[in-house]
Structure formats: C-alpha cells, structure tokens
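Chemist: Here you go, this is structure_13.txt (compact mmCIF, C-alpha atoms).
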# COMPACT_ATOMS: atom_id res chain seq x y z
CA MET A 1 0.00 0.00 0.00
CA ASN A 2 1.02 3.61 -0.41
CA ARG A 3 2.44 4.75 2.92
CA PHE A 4 2.14 8.43 2.00
CA SER A 5 -1.36 9.39 0.95
CA VAL A 6 -3.80 12.27 0.99
CA SER A 7 -7.58 12.23 0.57
CA ILE A 8 -9.83 15.24 0.06
CA GLN A 9 -13.41 14.20 0.76
CA THR A 10 -16.79 15.32 2.04
CA GLN A 11 -17.35 12.28 4.24
CA ASP A 12 -16.16 11.84 7.81
CA PHE A 13 -13.20 9.63 8.70
CA ASP A 14 -12.47 7.17 11.52
CA VAL A 15 -9.15 7.91 13.18
CA SER A 16 -8.69 4.36 14.56
CA ASP A 17 -9.23 2.80 11.17
CA GLU A 18 -6.83 5.25 9.52
CA LEU A 19 -4.05 4.72 12.09
CA ALA A 20 -4.44 0.95 11.90
CA ALA A 21 -4.16 1.03 8.11
CA LEU A 22 -1.20 3.41 8.19
CA ARG A 23 0.92 1.20 10.45
CA ALA A 24 -0.28 -2.25 9.24
CA ASP A 25 2.49 -4.73 8.45
CA GLN A 26 5.24 -2.32 9.52
CA PRO A 27 7.20 -3.86 12.40
CA GLY A 28 9.72 -0.99 12.20
CA VAL A 29 7.12 1.49 13.39
CA GLY A 30 7.37 2.33 17.08
CA ALA A 31 5.56 5.66 17.08
CA VAL A 32 2.26 6.85 15.61
CA CYS A 33 1.44 10.52 16.04
CA SER A 34 -1.86 12.06 14.95
CA PHE A 35 -3.65 15.40 14.97
CA VAL A 36 -7.35 16.00 14.36
CA GLY A 37 -8.72 19.47 13.66
CA THR A 38 -12.40 20.01 14.46
CA VAL A 39 -14.99 22.74 13.93
CA ARG A 40 -14.86 24.90 17.04
CA GLY A 41 -18.19 26.38 18.12
CA GLY A 42 -19.01 29.66 19.82
CA GLN A 43 -19.79 33.22 18.66
CA GLY A 44 -23.04 31.98 17.15
CA LEU A 45 -21.39 29.67 14.61
CA THR A 46 -23.98 27.35 13.08
CA GLN A 47 -22.15 25.88 10.12
CA MET A 48 -18.85 25.93 8.27
CA ALA A 49 -18.36 25.52 4.52
CA LEU A 50 -14.99 24.46 3.12
CA GLU A 51 -14.04 25.29 -0.48
CA HIS A 52 -10.90 23.95 -2.18
CA TYR A 53 -8.99 23.99 -5.46
CA PRO A 54 -9.47 20.46 -6.85
CA GLY A 55 -6.19 19.15 -8.24
CA MET A 56 -3.96 21.71 -6.57
CA THR A 57 -5.03 20.66 -3.09
CA GLU A 58 -3.87 17.06 -3.45
CA ARG A 59 -0.72 18.10 -5.29
CA ALA A 60 0.20 20.70 -2.68
CA ILE A 61 -0.28 18.30 0.23
CA GLU A 62 1.67 15.53 -1.53
CA ALA A 63 4.57 17.97 -1.98
CA MET A 64 4.37 18.85 1.72
CA MET A 65 4.53 15.17 2.66
CA GLN A 66 7.49 14.72 0.34
CA GLU A 67 9.27 17.60 2.06
CA ALA A 68 8.39 16.23 5.49
CA SER A 69 9.86 12.85 4.58
CA GLN A 70 13.12 14.55 3.59
CA ARG A 71 13.32 16.48 6.85
CA PHE A 72 12.19 13.77 9.22
CA ASP A 73 12.78 10.06 9.53
CA MET A 74 9.22 8.91 8.78
CA GLN A 75 7.78 5.63 7.66
CA GLY A 76 4.42 6.91 6.50
CA ALA A 77 1.93 9.75 6.59
CA ARG A 78 -1.80 10.06 6.06
CA VAL A 79 -3.62 13.33 5.53
CA ILE A 80 -7.39 13.57 5.18
CA HIS A 81 -9.07 16.96 4.75
CA ARG A 82 -12.83 17.31 4.46
CA VAL A 83 -14.59 19.81 2.25
CA GLY A 84 -18.22 20.86 1.91
CA GLU A 85 -20.67 21.67 4.70
CA LEU A 86 -19.62 20.91 8.28
CA ALA A 87 -21.30 21.38 11.67
CA VAL A 88 -19.87 22.46 15.02
CA GLY A 89 -17.87 19.60 16.49
CA ASP A 90 -17.29 17.87 13.15
CA GLN A 91 -13.84 16.57 12.27
CA ILE A 92 -12.15 18.64 9.54
CA VAL A 93 -8.62 17.31 9.12
CA LEU A 94 -6.44 14.36 10.09
CA VAL A 95 -2.65 14.39 9.93
CA ALA A 96 -1.00 11.13 11.04
CA VAL A 97 2.66 10.14 10.88
CA THR A 98 4.55 6.94 11.67
CA SER A 99 8.21 6.62 12.58
CA ALA A 100 10.56 4.38 14.53
CA HIS A 101 10.79 6.74 17.50
CA ARG A 102 8.43 9.41 18.83
CA GLY A 103 10.55 12.55 18.30
CA GLN A 104 10.39 12.41 14.51
CA SER A 105 6.67 11.74 14.24
CA PHE A 106 5.74 14.47 16.76
CA GLN A 107 7.77 16.99 14.77
CA ALA A 108 6.64 15.77 11.34
CA CYS A 109 3.00 15.94 12.41
CA GLU A 110 3.33 19.54 13.60
CA PHE A 111 5.35 20.48 10.50
CA LEU A 112 2.65 19.10 8.20
CA MET A 113 -0.13 20.93 10.06
CA ASP A 114 1.78 24.24 10.05
CA TYR A 115 2.48 23.84 6.34
CA LEU A 116 -1.07 22.83 5.47
CA LYS A 117 -2.54 25.77 7.42
CA THR A 118 -0.59 28.29 5.35
CA GLN A 119 -0.29 26.82 1.87
CA ALA A 120 -2.96 24.21 1.15
CA PRO A 121 -5.70 25.79 -0.99
CA PHE A 122 -8.78 25.56 1.23
CA TRP A 123 -11.03 28.43 2.32
CA LYS A 124 -13.49 28.41 5.21
CA LYS A 125 -16.78 30.26 5.27
CA GLU A 126 -18.55 30.48 8.62
CA SER A 127 -22.30 30.88 9.01
CA THR A 128 -24.12 32.46 11.93
CA ALA A 129 -27.76 33.45 12.32
CA SER A 130 -26.96 36.87 10.82
CA GLY A 131 -25.18 35.60 7.70
CA ALA A 132 -22.01 34.01 6.36
CA HIS A 133 -18.49 35.40 6.15
CA TRP A 134 -15.11 34.17 4.92
CA VAL A 135 -12.55 33.45 7.64
CA ASP A 136 -9.40 35.61 7.48
CA ALA A 137 -5.99 33.97 7.40
CA ARG A 138 -3.94 34.41 10.60
CA SER A 139 -0.47 35.90 10.70
CA SER A 140 0.32 33.48 13.55
CA ASP A 141 0.06 30.66 11.00
CA ASP A 142 2.70 32.34 8.81
CA ALA A 143 4.91 32.75 11.86
CA ALA A 144 4.53 29.03 12.58
CA LEU A 145 5.69 28.24 9.05
CA ALA A 146 8.68 30.59 9.28
CA ARG A 147 9.74 28.64 12.37
CA TRP A 148 10.46 25.67 10.08
CA GLY A 149 12.50 27.89 7.77
CA ILE A 150 9.83 28.04 5.06
CA GLN A 151 9.26 31.36 3.35
CA LYS A 152 5.96 31.75 1.55
CA PRO A 153 6.07 33.26 -1.94
CA ARG A 154 5.70 37.05 -1.96
CA ASN A 155 2.44 38.13 -3.59
CA GLY A 156 1.52 41.79 -3.53
CA ALA A 157 0.07 42.80 -0.15
CA SER A 158 0.25 40.13 2.49
CA MET B 1 -0.42 37.34 -26.82
CA MET B 2 -1.08 34.28 -24.68
CA ASN B 3 -4.26 32.38 -23.92
CA LEU B 4 -4.87 31.56 -20.29
CA THR B 5 -7.53 29.88 -18.18
CA LEU B 6 -8.17 31.96 -15.07
CA ARG B 7 -9.67 30.42 -11.94
CA TYR B 8 -11.02 32.28 -8.93
CA PHE B 9 -11.82 30.96 -5.46
CA ALA B 10 -13.60 31.95 -2.26
CA SER B 11 -14.27 35.66 -1.69
CA ILE B 12 -12.56 36.56 -4.99
CA ARG B 13 -14.88 34.19 -6.86
CA GLU B 14 -17.88 35.75 -5.16
CA ALA B 15 -16.74 39.33 -5.81
CA LEU B 16 -16.09 38.70 -9.51
CA GLY B 17 -19.21 36.57 -9.96
CA THR B 18 -17.36 33.76 -11.71
CA GLY B 19 -15.11 30.83 -10.83
CA SER B 20 -13.41 30.59 -14.17
CA GLU B 21 -12.86 32.39 -17.48
CA THR B 22 -10.55 32.30 -20.45
CA TRP B 23 -8.36 35.35 -20.95
CA GLN B 24 -6.06 36.60 -23.67
CA THR B 25 -3.14 38.48 -22.19
CA GLU B 26 -0.33 40.82 -23.16
CA ALA B 27 1.28 40.22 -19.78
CA THR B 28 4.42 38.11 -19.43
CA THR B 29 4.43 37.67 -15.64
CA LEU B 30 1.83 36.97 -12.96
CA ALA B 31 2.32 40.49 -11.58
CA ALA B 32 1.61 42.06 -14.98
CA LEU B 33 -1.44 39.82 -15.38
CA ARG B 34 -2.82 40.98 -12.04
CA ASP B 35 -2.32 44.62 -13.12
CA GLU B 36 -4.10 43.84 -16.38
CA LEU B 37 -7.06 42.39 -14.49
CA ILE B 38 -7.16 45.39 -12.13
CA ALA B 39 -7.30 47.62 -15.21
CA ARG B 40 -10.62 45.97 -16.16
CA GLY B 41 -12.13 48.14 -13.40
CA GLY B 42 -15.26 47.43 -11.35
CA ALA B 43 -15.09 44.35 -9.14
CA TYR B 44 -11.71 43.37 -10.63
CA ALA B 45 -10.14 46.68 -9.62
CA GLU B 46 -11.62 46.53 -6.16
CA ARG B 47 -11.04 42.90 -5.22
CA LEU B 48 -7.62 42.42 -6.88
CA SER B 49 -6.30 45.84 -5.86
CA ARG B 50 -2.71 46.03 -4.62
CA ASP B 51 -3.83 46.77 -1.08
CA ARG B 52 -5.74 43.46 -0.87
CA PRO B 53 -3.94 40.15 -0.29
CA VAL B 54 -4.13 37.91 -3.36
CA ARG B 55 -2.24 34.66 -3.85
CA MET B 56 -1.54 33.30 -7.33
CA ALA B 57 -0.87 29.82 -8.64
CA LEU B 58 0.45 28.91 -12.08
CA ASN B 59 -0.54 25.42 -13.26
CA GLN B 60 -1.48 24.56 -9.70
CA ASP B 61 1.81 25.62 -8.13
CA LEU B 62 1.76 28.52 -5.68
CA CYS B 63 4.02 31.20 -7.16
CA ASP B 64 5.73 34.48 -6.58
CA GLU B 65 4.26 37.20 -8.82
CA SER B 66 7.57 37.59 -10.65
CA VAL B 67 7.10 34.18 -12.31
CA ALA B 68 6.68 34.15 -16.10
CA LEU B 69 3.42 33.12 -17.76
CA SER B 70 3.22 30.45 -20.46
CA ASP B 71 0.69 30.02 -23.23
CA GLY B 72 -2.20 27.75 -22.28
CA ALA B 73 -1.45 28.01 -18.55
CA GLU B 74 -4.01 27.84 -15.77
CA VAL B 75 -3.67 30.79 -13.40
CA ALA B 76 -5.61 30.86 -10.16
CA LEU B 77 -6.20 33.89 -7.97
CA PHE B 78 -7.37 33.42 -4.40
CA PRO B 79 -7.28 34.90 -0.91
CA PRO B 80 -4.78 33.69 1.70
CA VAL B 81 -5.74 30.12 2.53
CA THR B 82 -7.59 29.08 5.67
CA GLY B 83 -7.64 25.28 5.70
CA GLY B 84 -6.65 22.86 8.39
For this file, produce the structure as structure tokens.
Modeler:
Amino acid sequence: MNRFSVSIQTQDFDVSDELAALRADQPGVGAVCSFVGTVRGGQGLTQMALEHYPGMTERAIEAMMQEASQRFDMQGARVIHRVGELAVGDQIVLVAVTSAHRGQSFQACEFLMDYLKTQAPFWKKESTASGAHWVDARSSDDAALARWGIQKPRNGAS
Amino acid sequence: MMNLTLRYFASIREALGTGSETWQTEATTLAALRDELIARGGAYAERLSRDRPVRMALNQDLCDESVALSDGAEVALFPPVTGG
C-alpha cells in the first residue's frame, strides 16, 4: 500500500481505522502521532463551509509530505481533509505520521499541520444566524511556518 | 499574446461573480497579469487591488508574482488560505 497518501473528501473519517491502516504490516514502526482538527463552536457559529482547489489541493499536500519525509525520519503519513458543509464539532482534518521513534513523528505531524494551514488551498466560510463570512488567514500561521525555515512566496500585499 | 484559463476561489470568486474564465493576455508575468485584471475596473479593480492580499498559482503551483506566464497556462487567484 502507499504509505504516504492524501484524501480530500466530504465524508467523515475514523481515526482508529486510519491509524491501523497506516501502520499495518510495519514492524519498524514504534511511534504513531496524529492530529485531528475540528470545527470549534461559539460566537453563534452554526455551520462551516470548506471550499478547495481540486487538483492543486492534493498536489500541494503531496509535496508537503514529500518535504516532510526529507526532513524527518518517517515511515508513513496520512492526511485527510474534508470539504463541503460541516457542523460544530465535526472533524475537519487528520494528519497522522509513523516513525521508529516518537521525536520524529511528533515533529513531522506539527510540521505538516503548520504547512497545510498556510499553503494548502482551502477556504473556510462560517455561518451564523446573521449571515455568512469568509474566515481571514492568521499571521500566527505564517509565523509558525517561518519557524520551520519556510518562506511563503511574496504576492503583492500580504 | 497568450491564452490563459483563469480560476477564482472563495471571496474573490464571489466578488467577480465567476469561478473561471478564459483570458487573452499581453502580460508576461503573474504580476503584470494581475495589473491587467485590475485595469478591467469594477469588481476586478476593487477585489484584486494592490492593497488586498491575493495569492496566485500557475498550473497549480503557488508562485511568486515575478514568475513568467506560459501560453495555455491555468492561473488561479485566491485569498490567503484558511484550511486545516
């Protein structure tokens, strides 16, 4: 099986199933690290809609996994990112990494999330009772990426 | 002159009222293309203006605006991403 894979999908995922599949038949794996991002409620949020750039999204995340595997000693990685309409509490994203020892998979998992947050082409639109608005990107995400030594391309006003 | 497919996403797509269009350009770089689109006026001038953050991708690779265009390319314009 492909030990580095990304899926963009509307349907929910099961973390246990995904982790089991990721580390199946790999006796060299001693560490499995995973992160799940969920839809946080509050401030009257009723629904979240996720738009993406089909084609570029998968390609961008595959390139990030490639880069992660060059930086860290990993045996596999699985990224799932949902798109479409989501409710408060829903799972949005899974990033899971396997390695021999825990240090590499902890770091690789955080690296992939930081990278995905700033460069993967998804856009969130939040709905409340009074209407819907697009979420603004956070400069703290760019700072997180710079921490790994990654400069984003310069594009007009940032 | 080059023929391009332009793609728009999120708030840019909504502001321009379209997700995609073909475009014939005199521009040779992404930066010049953006200026050309701004020059169309109306929603293009407002939403793609230099004081608004716009990211650009050429053939599905995120790019610096100094990158050169190629004939038949797909160019996407979108706001800073908010996935994850």
Chemist: Could you list, as a PyMOL selection string, the residues of chain A having an atom within 8 Å of chain B when counting only C-alpha atoms?
Modeler: chain A and resi 37+50-53+55-56+59-60+81+92-93+113+116-124+134-137+153-158
Chemist: Pull C-alpha atoms from the residues just selected and write them as a tab-separated table (two decimals), in the coordinates of the input.
Modeler:
chain	number	residue	atom	x	y	z
A	37	GLY	CA	-8.72	19.47	13.66
A	50	LEU	CA	-14.99	24.46	3.12
A	51	GLU	CA	-14.04	25.29	-0.48
A	52	HIS	CA	-10.90	23.95	-2.18
A	53	TYR	CA	-8.99	23.99	-5.46
A	55	GLY	CA	-6.19	19.15	-8.24
A	56	MET	CA	-3.96	21.71	-6.57
A	59	ARG	CA	-0.72	18.10	-5.29
A	60	ALA	CA	0.20	20.70	-2.68
A	81	HIS	CA	-9.07	16.96	4.75
A	92	ILE	CA	-12.15	18.64	9.54
A	93	VAL	CA	-8.62	17.31	9.12
A	113	MET	CA	-0.13	20.93	10.06
A	116	LEU	CA	-1.07	22.83	5.47
A	117	LYS	CA	-2.54	25.77	7.42
A	118	THR	CA	-0.59	28.29	5.35
A	119	GLN	CA	-0.29	26.82	1.87
A	120	ALA	CA	-2.96	24.21	1.15
A	121	PRO	CA	-5.70	25.79	-0.99
A	122	PHE	CA	-8.78	25.56	1.23
A	123	TRP	CA	-11.03	28.43	2.32
A	124	LYS	CA	-13.49	28.41	5.21
A	134	TRP	CA	-15.11	34.17	4.92
A	135	VAL	CA	-12.55	33.45	7.64
A	136	ASP	CA	-9.40	35.61	7.48
A	137	ALA	CA	-5.99	33.97	7.40
A	153	PRO	CA	6.07	33.26	-1.94
A	154	ARG	CA	5.70	37.05	-1.96
A	155	ASN	CA	2.44	38.13	-3.59
A	156	GLY	CA	1.52	41.79	-3.53
A	157	ALA	CA	0.07	42.80	-0.15
A	158	SER	CA	0.25	40.13	2.49
Chemist: Please enclose the listed atoms of region 8-19 of chain B in an axis-aligned box, pad each side by 3 Å, and write out the centre and the three edge lengths in Å, rounded to one decimal, as AutoDock Vina command-line options.
Modeler:
--center_x -15.1 --center_y 35.1 --center_z -6.7 --size_x 14.2 --size_y 14.5 --size_z 16.0
Chemist: Between B:Met1, B:Leu58, B:Ala68, B:Leu16, which has the minimum distance to Thr29 (chain B) (counting only C-alpha atoms)?
Modeler: B:Ala68
Chemist: So, counting only C-alpha atoms, which residue among B:Ala27, B:Gly19, B:Gly72, B:Ala45 is closest to Thr5 (chain B)?
Modeler: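 For Thr5 (chain B), the nearest of the candidates is B:Gly72.
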Chemist: So how many Å separate CA of Glu18 (chain A) and CA of Ala63 (chain A), to one decimal?
Modeler: 20.6 Å
